[in-house]
Structures are given as structure tokens and as C-alpha cells.
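Next comes protein_32.txt, with compact mmCIF, C-alpha atoms.
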# COMPACT_ATOMS: atom_id res chain seq x y z
CA MET D 1 20.75 14.51 -9.34
CA GLN D 2 17.64 15.09 -11.41
CA LEU D 3 14.39 15.37 -9.49
CA LEU D 4 11.15 14.69 -11.39
CA PHE D 5 7.58 15.17 -10.18
CA PHE D 6 4.59 13.14 -11.33
CA CYS D 7 0.88 13.84 -11.06
CA PRO D 8 -1.47 11.00 -10.09
CA ARG D 9 -4.33 10.20 -12.42
CA TRP D 10 -6.22 9.01 -9.31
CA GLY D 11 -8.90 11.55 -8.53
CA GLN D 12 -8.88 13.07 -12.02
CA GLU D 13 -10.71 10.29 -13.83
CA HIS D 14 -13.63 12.64 -14.48
CA THR D 15 -11.40 14.71 -16.77
CA SER D 16 -10.62 13.68 -20.35
CA TRP D 17 -7.08 12.50 -20.91
CA ASP D 18 -6.19 15.48 -23.09
CA SER D 19 -7.55 18.01 -20.60
CA PHE D 20 -5.88 16.19 -17.71
CA LEU D 21 -2.49 16.10 -19.44
CA LEU D 22 -2.74 19.78 -20.37
CA ASN D 23 -3.50 20.64 -16.74
CA VAL D 24 -0.56 18.50 -15.61
CA LYS D 25 1.79 20.28 -18.00
CA ASN D 26 0.56 23.73 -17.03
CA ALA D 27 0.95 22.95 -13.32
CA GLY D 28 4.64 22.21 -13.83
CA TYR D 29 4.76 18.44 -13.42
CA ASP D 30 7.24 16.36 -15.41
CA GLY D 31 4.83 13.52 -16.02
CA ILE D 32 2.01 11.39 -14.65
CA GLU D 33 1.65 8.23 -12.61
CA ALA D 34 -1.18 6.06 -13.89
CA SER D 35 -2.31 2.59 -14.75
CA LEU D 36 -2.88 1.62 -18.38
CA PRO D 37 -5.74 -0.33 -19.96
CA PHE D 38 -5.28 -3.57 -21.86
CA ASP D 39 -7.22 -2.13 -24.80
CA GLU D 40 -4.60 -1.05 -27.32
CA ALA D 41 -6.61 1.85 -28.74
CA GLU D 42 -7.20 3.34 -25.29
CA LYS D 43 -3.58 2.83 -24.36
CA LYS D 44 -2.43 4.51 -27.57
CA GLU D 45 -4.61 7.54 -26.80
CA ILE D 46 -2.87 7.97 -23.45
CA LEU D 47 0.64 7.46 -24.79
CA ASP D 48 0.02 9.79 -27.74
CA GLY D 49 -1.23 12.42 -25.30
CA LEU D 50 1.89 12.09 -23.17
CA GLU D 51 4.05 12.59 -26.25
CA LYS D 52 1.96 15.55 -27.40
CA HIS D 53 2.39 17.35 -24.07
CA GLY D 54 6.00 16.30 -23.50
CA LEU D 55 5.26 14.33 -20.34
CA LYS D 56 6.84 11.19 -18.89
CA LEU D 57 5.05 8.14 -17.49
CA ILE D 58 5.40 6.14 -14.31
CA ALA D 59 3.17 3.12 -14.81
CA GLN D 60 1.15 2.14 -11.77
CA HIS D 61 -0.15 -1.31 -10.87
CA TRP D 62 -2.81 -1.84 -8.20
CA GLU D 63 -5.56 -3.89 -9.82
CA THR D 64 -4.53 -7.47 -9.04
CA VAL D 65 -6.83 -8.49 -6.18
CA ALA D 66 -7.64 -12.18 -6.80
CA LYS D 67 -7.58 -14.23 -3.59
CA ASP D 68 -6.54 -17.49 -5.29
CA PHE D 69 -2.76 -17.42 -5.46
CA GLY D 70 -2.41 -19.10 -8.83
CA THR D 71 -4.87 -16.70 -10.43
CA HIS D 72 -3.19 -13.80 -8.67
CA CYS D 73 0.23 -14.71 -10.07
CA LYS D 74 -1.10 -15.00 -13.61
CA GLU D 75 -3.01 -11.72 -13.52
CA TYR D 76 -0.10 -9.92 -11.81
CA GLU D 77 2.36 -10.89 -14.53
CA GLN D 78 -0.10 -9.98 -17.30
CA ARG D 79 -0.64 -6.53 -15.86
CA LEU D 80 3.06 -5.83 -15.36
CA LEU D 81 3.83 -6.92 -18.92
CA ASN D 82 1.06 -4.67 -20.23
CA LEU D 83 2.53 -1.70 -18.35
CA ALA D 84 6.07 -2.52 -19.46
CA SER D 85 4.98 -2.57 -23.12
CA ALA D 86 4.46 1.20 -22.90
CA LYS D 87 8.14 1.72 -21.99
CA PRO D 88 7.48 3.83 -18.89
CA LEU D 89 10.22 5.39 -16.82
CA LEU D 90 9.47 2.72 -14.22
CA ILE D 91 6.63 0.58 -12.87
CA ASN D 92 5.34 1.17 -9.37
CA THR D 93 3.42 -1.85 -8.12
CA GLN D 94 1.25 -2.64 -5.14
CA THR D 95 2.35 -6.24 -4.72
CA GLY D 96 0.89 -9.26 -2.97
CA LYS D 97 -1.42 -9.58 0.00
CA ASP D 98 -0.93 -9.02 3.70
CA TYR D 99 -2.40 -12.50 4.31
CA TYR D 100 -0.19 -14.33 1.80
CA THR D 101 2.77 -16.19 3.26
CA PHE D 102 6.29 -14.83 2.94
CA GLU D 103 6.99 -17.45 0.30
CA GLN D 104 3.94 -16.50 -1.75
CA ASN D 105 4.75 -12.80 -1.69
CA GLU D 106 8.37 -13.63 -2.47
CA LYS D 107 7.20 -15.48 -5.59
CA LEU D 108 5.29 -12.39 -6.72
CA ILE D 109 8.38 -10.26 -6.16
CA ALA D 110 10.29 -12.78 -8.28
CA ILE D 111 7.69 -12.45 -11.05
CA ALA D 112 8.25 -8.69 -11.03
CA ARG D 113 12.00 -9.26 -11.16
CA GLY D 114 11.51 -11.48 -14.20
CA VAL D 115 9.37 -8.88 -15.98
CA ALA D 116 12.02 -6.24 -15.29
CA ALA D 117 14.78 -8.47 -16.64
CA ALA D 118 12.80 -9.39 -19.76
CA THR D 119 11.67 -5.87 -20.62
CA GLY D 120 14.39 -3.61 -19.24
CA ILE D 121 11.80 -1.65 -17.23
CA LYS D 122 12.56 -1.11 -13.55
CA VAL D 123 9.90 -2.34 -11.11
CA VAL D 124 9.58 -0.95 -7.57
CA HIS D 125 7.16 -2.16 -4.90
CA GLU D 126 4.99 0.34 -3.05
CA THR D 127 4.67 0.25 0.73
CA HIS D 128 0.93 -0.06 1.12
CA ARG D 129 -1.70 -1.40 3.50
CA GLY D 130 -3.12 -4.73 2.43
CA LYS D 131 0.03 -5.69 0.49
CA PHE D 132 3.18 -7.58 1.47
CA SER D 133 4.69 -4.31 2.68
CA PHE D 134 1.74 -3.23 4.84
CA ALA D 135 3.76 -2.57 8.00
CA ALA D 136 7.30 -1.43 8.73
CA HIS D 137 8.29 -4.48 10.79
CA ILE D 138 6.96 -6.87 8.13
CA ALA D 139 8.66 -5.03 5.26
CA GLN D 140 11.89 -5.20 7.23
CA GLN D 141 11.82 -9.01 6.98
CA TYR D 142 11.63 -8.77 3.18
CA PHE D 143 14.46 -6.21 3.05
CA GLU D 144 16.66 -8.49 5.13
CA LYS D 145 16.02 -11.54 2.98
CA ILE D 146 15.72 -10.06 -0.55
CA ASP D 147 18.82 -8.04 -1.38
CA ASP D 148 17.55 -6.50 -4.62
CA LEU D 149 14.12 -5.45 -3.34
CA ARG D 150 13.51 -1.80 -4.27
CA ILE D 151 10.52 0.22 -3.20
CA THR D 152 8.28 3.20 -3.53
CA LEU D 153 8.17 4.58 -0.02
CA ASP D 154 4.73 5.78 1.03
CA ILE D 155 5.37 5.94 4.74
CA SER D 156 1.91 7.37 5.44
CA HIS D 157 0.54 3.80 5.39
CA TRP D 158 2.98 2.62 8.03
CA CYS D 159 2.09 5.48 10.38
CA ASN D 160 -1.55 4.49 10.08
CA THR D 161 -0.88 0.77 10.52
CA ALA D 162 1.36 1.22 13.56
CA GLU D 163 -0.66 4.10 15.03
CA THR D 164 2.66 5.84 15.68
CA PHE D 165 5.19 7.95 13.83
CA LEU D 166 7.44 4.86 13.97
CA HIS D 167 9.69 6.27 16.71
CA ASP D 168 10.22 2.71 17.96
CA GLN D 169 10.89 1.18 14.51
CA GLU D 170 13.92 3.20 13.38
CA GLU D 171 15.74 0.15 11.99
CA ALA D 172 12.90 -0.72 9.63
CA VAL D 173 12.49 2.89 8.51
CA ASP D 174 16.23 3.27 7.90
CA LEU D 175 16.24 0.14 5.72
CA ALA D 176 13.25 1.42 3.76
CA ILE D 177 14.99 4.74 3.14
CA LEU D 178 18.01 2.90 1.73
CA ARG D 179 15.77 0.82 -0.57
CA ALA D 180 13.59 3.68 -1.84
CA ASP D 181 13.81 4.72 -5.52
CA HIS D 182 10.46 6.52 -5.73
CA ILE D 183 8.46 8.55 -3.21
CA HIS D 184 4.73 8.97 -2.74
CA SER D 185 4.57 12.21 -0.81
CA ARG D 186 1.27 11.74 0.95
CA VAL D 187 1.24 12.80 4.61
CA GLY D 188 -0.42 10.39 7.00
CA TYR D 189 -0.93 10.32 10.75
CA THR D 190 -1.54 7.81 13.50
CA GLU D 191 -5.23 7.28 12.71
CA GLY D 192 -5.27 7.59 8.94
CA PRO D 193 -3.16 7.52 5.77
CA GLN D 194 -3.98 11.10 4.81
CA ILE D 195 -4.22 14.33 6.79
CA THR D 196 -6.82 16.80 5.59
CA ASP D 197 -4.47 19.56 4.44
CA PRO D 198 -0.66 19.79 4.71
CA ARG D 199 -0.91 23.59 4.55
CA ALA D 200 -2.83 23.75 7.84
CA PRO D 201 -0.75 24.59 10.94
CA GLU D 202 -2.40 21.89 13.05
CA TRP D 203 -0.82 19.24 10.81
CA LYS D 204 2.73 20.65 10.94
CA TYR D 205 3.89 17.87 13.26
CA ALA D 206 2.82 15.20 10.77
CA LEU D 207 4.28 17.04 7.79
CA ASP D 208 7.58 17.50 9.61
CA PHE D 209 7.93 13.77 10.27
CA HIS D 210 7.39 12.94 6.60
CA LEU D 211 9.76 15.69 5.48
CA GLN D 212 12.47 14.23 7.69
CA CYS D 213 12.04 10.85 5.98
CA TRP D 214 12.08 12.36 2.50
CA ASP D 215 15.12 14.48 3.38
CA LYS D 216 16.99 11.29 4.25
CA ILE D 217 16.05 9.67 0.93
CA VAL D 218 17.26 12.71 -1.00
CA ASP D 219 20.48 12.79 1.03
CA THR D 220 21.04 9.07 0.44
CA LYS D 221 20.54 9.42 -3.31
CA GLN D 222 22.93 12.37 -3.47
CA LYS D 223 25.60 10.43 -1.58
CA GLU D 224 25.13 7.52 -3.98
CA ASN D 225 25.47 9.89 -6.95
CA ALA D 226 22.11 8.63 -8.19
CA PRO D 227 21.14 10.25 -11.49
CA LEU D 228 17.42 10.45 -10.73
CA LEU D 229 14.80 10.54 -7.99
CA THR D 230 11.07 10.61 -8.74
CA ILE D 231 8.28 11.90 -6.51
CA THR D 232 4.51 11.65 -6.88
CA PRO D 233 2.50 13.90 -4.56
CA GLU D 234 -0.31 11.42 -3.99
CA PHE D 235 -2.92 12.93 -1.75
CA GLY D 236 -5.90 10.87 -2.83
CA ALA D 237 -9.50 11.27 -3.79
CA PRO D 238 -12.42 10.30 -1.50
CA PRO D 239 -12.56 8.31 0.72
CA TYR D 240 -8.94 9.26 1.45
CA LEU D 241 -10.08 12.86 1.10
CA PRO D 242 -12.75 13.54 3.76
CA LEU D 243 -16.16 14.79 2.70
CA LEU D 244 -18.46 17.05 4.70
CA PRO D 245 -21.50 15.31 6.17
CA TYR D 246 -24.74 15.54 4.21
CA THR D 247 -23.42 17.79 1.43
CA GLN D 248 -20.62 15.35 0.53
CA GLN D 249 -18.43 18.28 -0.47
CA PRO D 250 -14.65 17.70 -0.19
CA VAL D 251 -13.01 19.58 2.67
CA VAL D 252 -10.15 20.64 0.39
CA SER D 253 -9.12 20.48 -3.29
CA GLN D 254 -7.11 17.33 -3.96
CA TRP D 255 -5.54 18.99 -7.01
CA ASP D 256 -4.45 22.07 -5.07
CA VAL D 257 -2.94 20.02 -2.25
CA ASN D 258 -0.88 17.89 -4.64
CA VAL D 259 0.38 20.96 -6.50
CA PHE D 260 1.31 22.49 -3.15
CA MET D 261 3.27 19.37 -2.21
CA MET D 262 5.12 19.40 -5.54
CA ASN D 263 6.08 23.05 -5.19
CA LEU D 264 7.07 22.61 -1.53
CA LEU D 265 9.40 19.71 -2.29
CA ARG D 266 10.80 21.22 -5.47
CA ALA D 267 11.79 24.35 -3.54
CA ARG D 268 13.17 22.27 -0.68
CA TYR D 269 15.35 19.99 -2.80
CA GLN D 270 16.29 22.08 -5.80
What's the C-alpha cells form of this structure?
Amino acid sequence: MQLLFFCPRWGQEHTSWDSFLLNVKNAGYDGIEASLPFDEAEKKEILDGLEKHGLKLIAQHWETVAKDFGTHCKEYEQRLLNLASAKPLLINTQTGKDYYTFEQNEKLIAIARGVAAATGIKVVHETHRGKFSFAAHIAQQYFEKIDDLRITLDISHWCNTAETFLHDQEEAVDLAILRADHIHSRVGYTEGPQITDPRAPEWKYALDFHLQCWDKIVDTKQKENAPLLTITPEFGAPPYLPLLPYTQQPVVSQWDVNVFMMNLLRARYQ
């Protein structure tokens, strides 16, 4: 099974695309995970840069936030089609709203299914606070009723939402592991979606829980003879990344932490 690692654009927006992509290549990533603009010239600059540096793309959707459901559906489809036009490896989407009904979120999942069928680009739905998949027990209901629902598992959000390491929700976690095609390897804890530094010994207990989940995904994919598994180390920028009071200096380098996570998991699984 091929294992590919992707660098998030999130947190690196201050860097030009060419400099960012060069840094990504030099760090040893296989590609990037990023959204794409509607502007064709801007989009071409990004795609040309990826080709120049020999990097792959996972297209990321997160921008659809309209409260009105009809508007939300229209904007959601437009954004997915825009991402699909770039022919990414796959699209990772933050889908729906936690306050939409099951039927409304199911319609959005159906829209994504239609885009995938029309374009040939796989679409996976990220487990994320504020979206249809905001909690393990809620996502479980979607898994049980939608057979073809595939996900990006970012289990850090569920730890935060439940304020536990999900020891009492094994069934939901096991289903999520079986449905996962992409991993966001952020490490969360019971009071937040992101620990300060996975290298620090005081966070070993949180890192170990997440590693156990990722181990199970890798094992599942190997048993299925899956050709590919993708991972994005996605420790985020502020406010996910804490800042020191008054000076507003980050407590750690986001870039360094994500590179550490990539190297840790590459050594663990390859």
C-alpha cells in the first residue's frame, strides 16, 4: 500500500505559493491539501506550481457557511465542482451543519456523490465540529444509514466534543475507522482539538490514543489490499495554536510540528 503525506496550506498563507511549494517539496511531503480560488488565473498559478515541484493535490472544501439551506446547497455544489475541475487526487469536504436535519445533511452528501459521479473525483467528508459529523454518536447514525459514506477521520474533534477519549463510544469509532480513506493527523484532547506539542512528554497519553486509531486505519487498509492511504498532518494555525499572552507569540512552530508528525507516521508505517 502506498502512503502519501500532504502539507496543509492553512497557516502558510503568508508565504507565496512558489515559496510554500518549494518548502513543501524540501520537507519531504508528497503534495499539499488546500482550497482553490474560483479565479482561473489564480488557480492556474497554483496548479502550475504543483506541476513544477512535482507535488500532488488534495482539494479542500470548508468555505460553504450559508445558513439558508437552498443557498448552502447551491454554493456547496459550485465549490465542489470548482475543486474537481483541477483533477485533484481527491476532495476532502467539511459538509453540512450540526443544526441541519439529518435529511438536509443527507441531501448535501448526495450532492457530493453526484459531483463525484460526474467528474470521477472521489469526495470524502471530514469529521469536524460544526458539520454533520461533529460528534461520534451523530456520525454513527449517518454511517448506519448511508452505505457509501466515506470520510476523512480527524478524531481530534470528537475527543473535544465528547470531552473524553471516546472509551464509551467504541462502536462509533470502529465504524469511522472502517469508513476512513484519508487521515488528518492532528492530536486533540478532552478540552480542545489541538494539544500544544505532540513532542512533549506530558501529551504522550493523547498522542498514544490517536496513534492507536491511526494504526487501526492502516491495518484495515492493508487487509483490504487498498492501493493508497493519504495523511495530512494538520496541526493548525492560531487560534488552534495557542499564543502567549501579551506578546502573541506562538508557543510552538506549526510548521515544525506538522513535519514532525509526518516523519513520525512515515517511520511508523513504512
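Nearest to Thr230 (chain D) of all the residues D:Asp68, D:Asp181, D:Glu170, D:Glu13 is D:Asp181, based on all atoms listed in the file.
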If you count only C-alpha atoms, which residues fall within 10 Å of Leu57 (chain D), apart from same-chain ones fewer than 3 positions away, as a VMD selection string? chain D and resid 6 to 7 30 to 35 46 to 47 50 to 51 60 86 to 91
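Around the point (7.0, 20.8, -13.2), within 9 Å and counting all atoms listed in the file, we find these residues: Leu4, Phe5, Phe6, Val24, Lys25, Asn26, Ala27, Gly28, Tyr29, Asp30, Gly31, Met262, Asn263 and Arg266 of chain D.
Protein, DNA and RNA residues at most 6 Å from (-2.3, 12.7, 8.6), with all atoms listed in the file, are these: Val187, Gly188, Tyr189, Gly192, Pro193, Gln194 and Ile195 of chain D.
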Box for region 41-54 of chain D - axis-aligned, 8 Å on each of the six sides, all listed atoms - centre and size in Å to one decimal, as lines of an AutoDock Vina configuration file.
center_x = -0.6
center_y = 9.6
center_z = -26.0
size_x = 29.2
size_y = 31.5
size_z = 21.6
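The residue set within 10 Å of Gln270 (chain D), counting only C-alpha atoms and dropping same-chain residues fewer than 4 places from it, reads Met1, Gln2, Leu3, Leu265 and Arg266 of chain D.
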Under the rule that all atoms listed in the file are counted, which of D:Thr64, D:Thr190, D:Thr119, D:Leu175 is the nearest residue to Cys159 (chain D)? D:Thr190
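Take the candidates D:Leu55, D:Ile111, D:Ala41, D:Val218 and check each one against Glu75 (chain D) using all atoms listed in the file; the shortest distance goes to D:Ile111.
The two atoms in question, CA of Phe38 (chain D) and CA of Phe235 (chain D), are spaced 26.1 Å apart.
Between CA of Arg79 (chain D) and CA of Arg113 (chain D) the interatomic distance comes to 13.8 Å.
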Contacts of region 141-158 of chain D at 6 Å (only C-alpha atoms; same-chain gap of 4+ positions) as a ChimeraX atom specification: /D:124-129,135-136,162,179-180,182-184,187-188,193
Which residue gives the smallest distance to Trp10 (chain D) among D:Leu178, D:Leu241, D:Ile217, D:Ala226, with all atoms listed in the file counted? D:Leu241
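Restricting the calculation to only C-alpha atoms, the smallest distance between Ile138 (chain D) and any of D:Asp98, D:Glu202, D:Asp18, D:Glu77 is found for D:Asp98.
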Closest of D:Asn258, D:Leu36, D:Leu81, D:Thr196 to Leu243 (chain D), counting all atoms listed in the file, is D:Thr196
One decimal, in Å: what's the spacing between CA of Ala237 (chain D) and CA of Phe165 (chain D)? 23.2 Å
Write out as a list of chain:residue names each polymer residue whose atoms come within 7 Å of Asn105 (chain D), counting all atoms listed in the file; drop sequence neighbours fewer than 4 positions from it. D:Gly96, D:Tyr100, D:Thr101, D:Ile109, D:Phe132
Could you name the residues that touch Asp215 (chain D) at 12 Å or less, counting all atoms listed in the file, but leaving out those on the same chain fewer than 3 positions away, as a PDB file with C-alpha atoms, in the coordinates of the input?
ATOM      1  CA  ILE D 177      14.990   4.740   3.140  1.00  0.00           C
ATOM      2  CA  ILE D 183       8.460   8.550  -3.210  1.00  0.00           C
ATOM      3  CA  SER D 185       4.570  12.210  -0.810  1.00  0.00           C
ATOM      4  CA  LEU D 207       4.280  17.040   7.790  1.00  0.00           C
ATOM      5  CA  ASP D 208       7.580  17.500   9.610  1.00  0.00           C
ATOM      6  CA  PHE D 209       7.930  13.770  10.270  1.00  0.00           C
ATOM      7  CA  HIS D 210       7.390  12.940   6.600  1.00  0.00           C
ATOM      8  CA  LEU D 211       9.760  15.690   5.480  1.00  0.00           C
ATOM      9  CA  GLN D 212      12.470  14.230   7.690  1.00  0.00           C
ATOM     10  CA  VAL D 218      17.260  12.710  -1.000  1.00  0.00           C
ATOM     11  CA  ASP D 219      20.480  12.790   1.030  1.00  0.00           C
ATOM     12  CA  THR D 220      21.040   9.070   0.440  1.00  0.00           C
ATOM     13  CA  LYS D 221      20.540   9.420  -3.310  1.00  0.00           C
ATOM     14  CA  GLN D 222      22.930  12.370  -3.470  1.00  0.00           C
ATOM     15  CA  LEU D 265       9.400  19.710  -2.290  1.00  0.00           C
ATOM     16  CA  ARG D 266      10.800  21.220  -5.470  1.00  0.00           C
ATOM     17  CA  ARG D 268      13.170  22.270  -0.680  1.00  0.00           C
ATOM     18  CA  TYR D 269      15.350  19.990  -2.800  1.00  0.00           C
ATOM     19  CA  GLN D 270      16.290  22.080  -5.800  1.00  0.00           C
TER      20      GLN D 270
END
Could you complete region 129-140 of chain D so that it carries all heavy atoms, and give it back as a compact mmCIF listing (two decimals), keeping the file's coordinate frame?
# COMPACT_ATOMS: atom_id res chain seq x y z
N ARG D 129 -0.84 -0.53 2.71
CA ARG D 129 -1.70 -1.40 3.50
C ARG D 129 -2.35 -2.46 2.60
O ARG D 129 -2.70 -2.20 1.47
CB ARG D 129 -2.79 -0.58 4.20
CG ARG D 129 -2.27 0.29 5.33
CD ARG D 129 -3.32 1.30 5.77
NE ARG D 129 -3.73 2.15 4.66
CZ ARG D 129 -4.94 2.67 4.51
NH1 ARG D 129 -5.90 2.40 5.38
NH2 ARG D 129 -5.22 3.44 3.49
N GLY D 130 -2.49 -3.65 3.16
CA GLY D 130 -3.12 -4.73 2.43
C GLY D 130 -2.18 -5.51 1.54
O GLY D 130 -2.56 -6.56 1.02
N LYS D 131 -0.95 -5.03 1.35
CA LYS D 131 0.03 -5.69 0.49
C LYS D 131 1.13 -6.33 1.33
O LYS D 131 1.10 -6.26 2.56
CB LYS D 131 0.61 -4.68 -0.51
CG LYS D 131 -0.44 -3.85 -1.24
CD LYS D 131 -1.45 -4.71 -1.97
CE LYS D 131 -2.55 -3.87 -2.62
NZ LYS D 131 -3.55 -4.70 -3.31
N PHE D 132 2.13 -6.93 0.69
CA PHE D 132 3.18 -7.58 1.47
C PHE D 132 3.90 -6.60 2.38
O PHE D 132 4.42 -6.98 3.44
CB PHE D 132 4.18 -8.31 0.55
CG PHE D 132 5.27 -7.44 0.00
CD1 PHE D 132 6.43 -7.19 0.74
CD2 PHE D 132 5.18 -6.89 -1.28
CE1 PHE D 132 7.45 -6.40 0.23
CE2 PHE D 132 6.19 -6.10 -1.79
CZ PHE D 132 7.33 -5.84 -1.03
N SER D 133 3.92 -5.35 2.00
CA SER D 133 4.69 -4.31 2.68
C SER D 133 3.81 -3.44 3.57
O SER D 133 4.08 -2.26 3.76
CB SER D 133 5.36 -3.43 1.63
OG SER D 133 4.38 -2.92 0.72
N PHE D 134 2.76 -4.03 4.16
CA PHE D 134 1.74 -3.23 4.84
C PHE D 134 2.21 -2.59 6.13
O PHE D 134 1.59 -1.64 6.61
CB PHE D 134 0.50 -4.09 5.12
CG PHE D 134 0.71 -5.17 6.16
CD1 PHE D 134 0.36 -4.97 7.48
CD2 PHE D 134 1.25 -6.40 5.81
CE1 PHE D 134 0.53 -5.95 8.44
CE2 PHE D 134 1.43 -7.40 6.75
CZ PHE D 134 1.08 -7.17 8.08
N ALA D 135 3.28 -3.10 6.72
CA ALA D 135 3.76 -2.57 8.00
C ALA D 135 5.29 -2.55 7.99
O ALA D 135 5.93 -3.38 7.33
CB ALA D 135 3.25 -3.41 9.17
N ALA D 136 5.84 -1.62 8.74
CA ALA D 136 7.30 -1.43 8.73
C ALA D 136 8.03 -2.69 9.18
O ALA D 136 9.02 -3.12 8.56
CB ALA D 136 7.67 -0.26 9.64
N HIS D 137 7.56 -3.31 10.25
CA HIS D 137 8.29 -4.48 10.79
C HIS D 137 8.19 -5.69 9.87
O HIS D 137 9.08 -6.52 9.84
CB HIS D 137 7.78 -4.82 12.20
CG HIS D 137 6.39 -5.37 12.23
ND1 HIS D 137 5.27 -4.59 11.99
CD2 HIS D 137 5.92 -6.61 12.48
CE1 HIS D 137 4.19 -5.33 12.10
NE2 HIS D 137 4.56 -6.57 12.38
N ILE D 138 7.10 -5.78 9.10
CA ILE D 138 6.96 -6.87 8.13
C ILE D 138 7.84 -6.60 6.91
O ILE D 138 8.55 -7.49 6.42
CB ILE D 138 5.49 -7.04 7.71
CG1 ILE D 138 4.63 -7.39 8.93
CG2 ILE D 138 5.37 -8.08 6.61
CD1 ILE D 138 5.00 -8.71 9.60
N ALA D 139 7.80 -5.38 6.40
CA ALA D 139 8.66 -5.03 5.26
C ALA D 139 10.13 -5.26 5.59
O ALA D 139 10.91 -5.67 4.72
CB ALA D 139 8.42 -3.59 4.85
N GLN D 140 10.50 -5.00 6.82
CA GLN D 140 11.89 -5.20 7.23
C GLN D 140 12.34 -6.64 6.98
O GLN D 140 13.49 -6.88 6.56
CB GLN D 140 12.06 -4.85 8.71
CG GLN D 140 13.49 -4.99 9.22
CD GLN D 140 13.63 -4.55 10.67
OE1 GLN D 140 12.67 -4.12 11.29
NE2 GLN D 140 14.84 -4.67 11.20
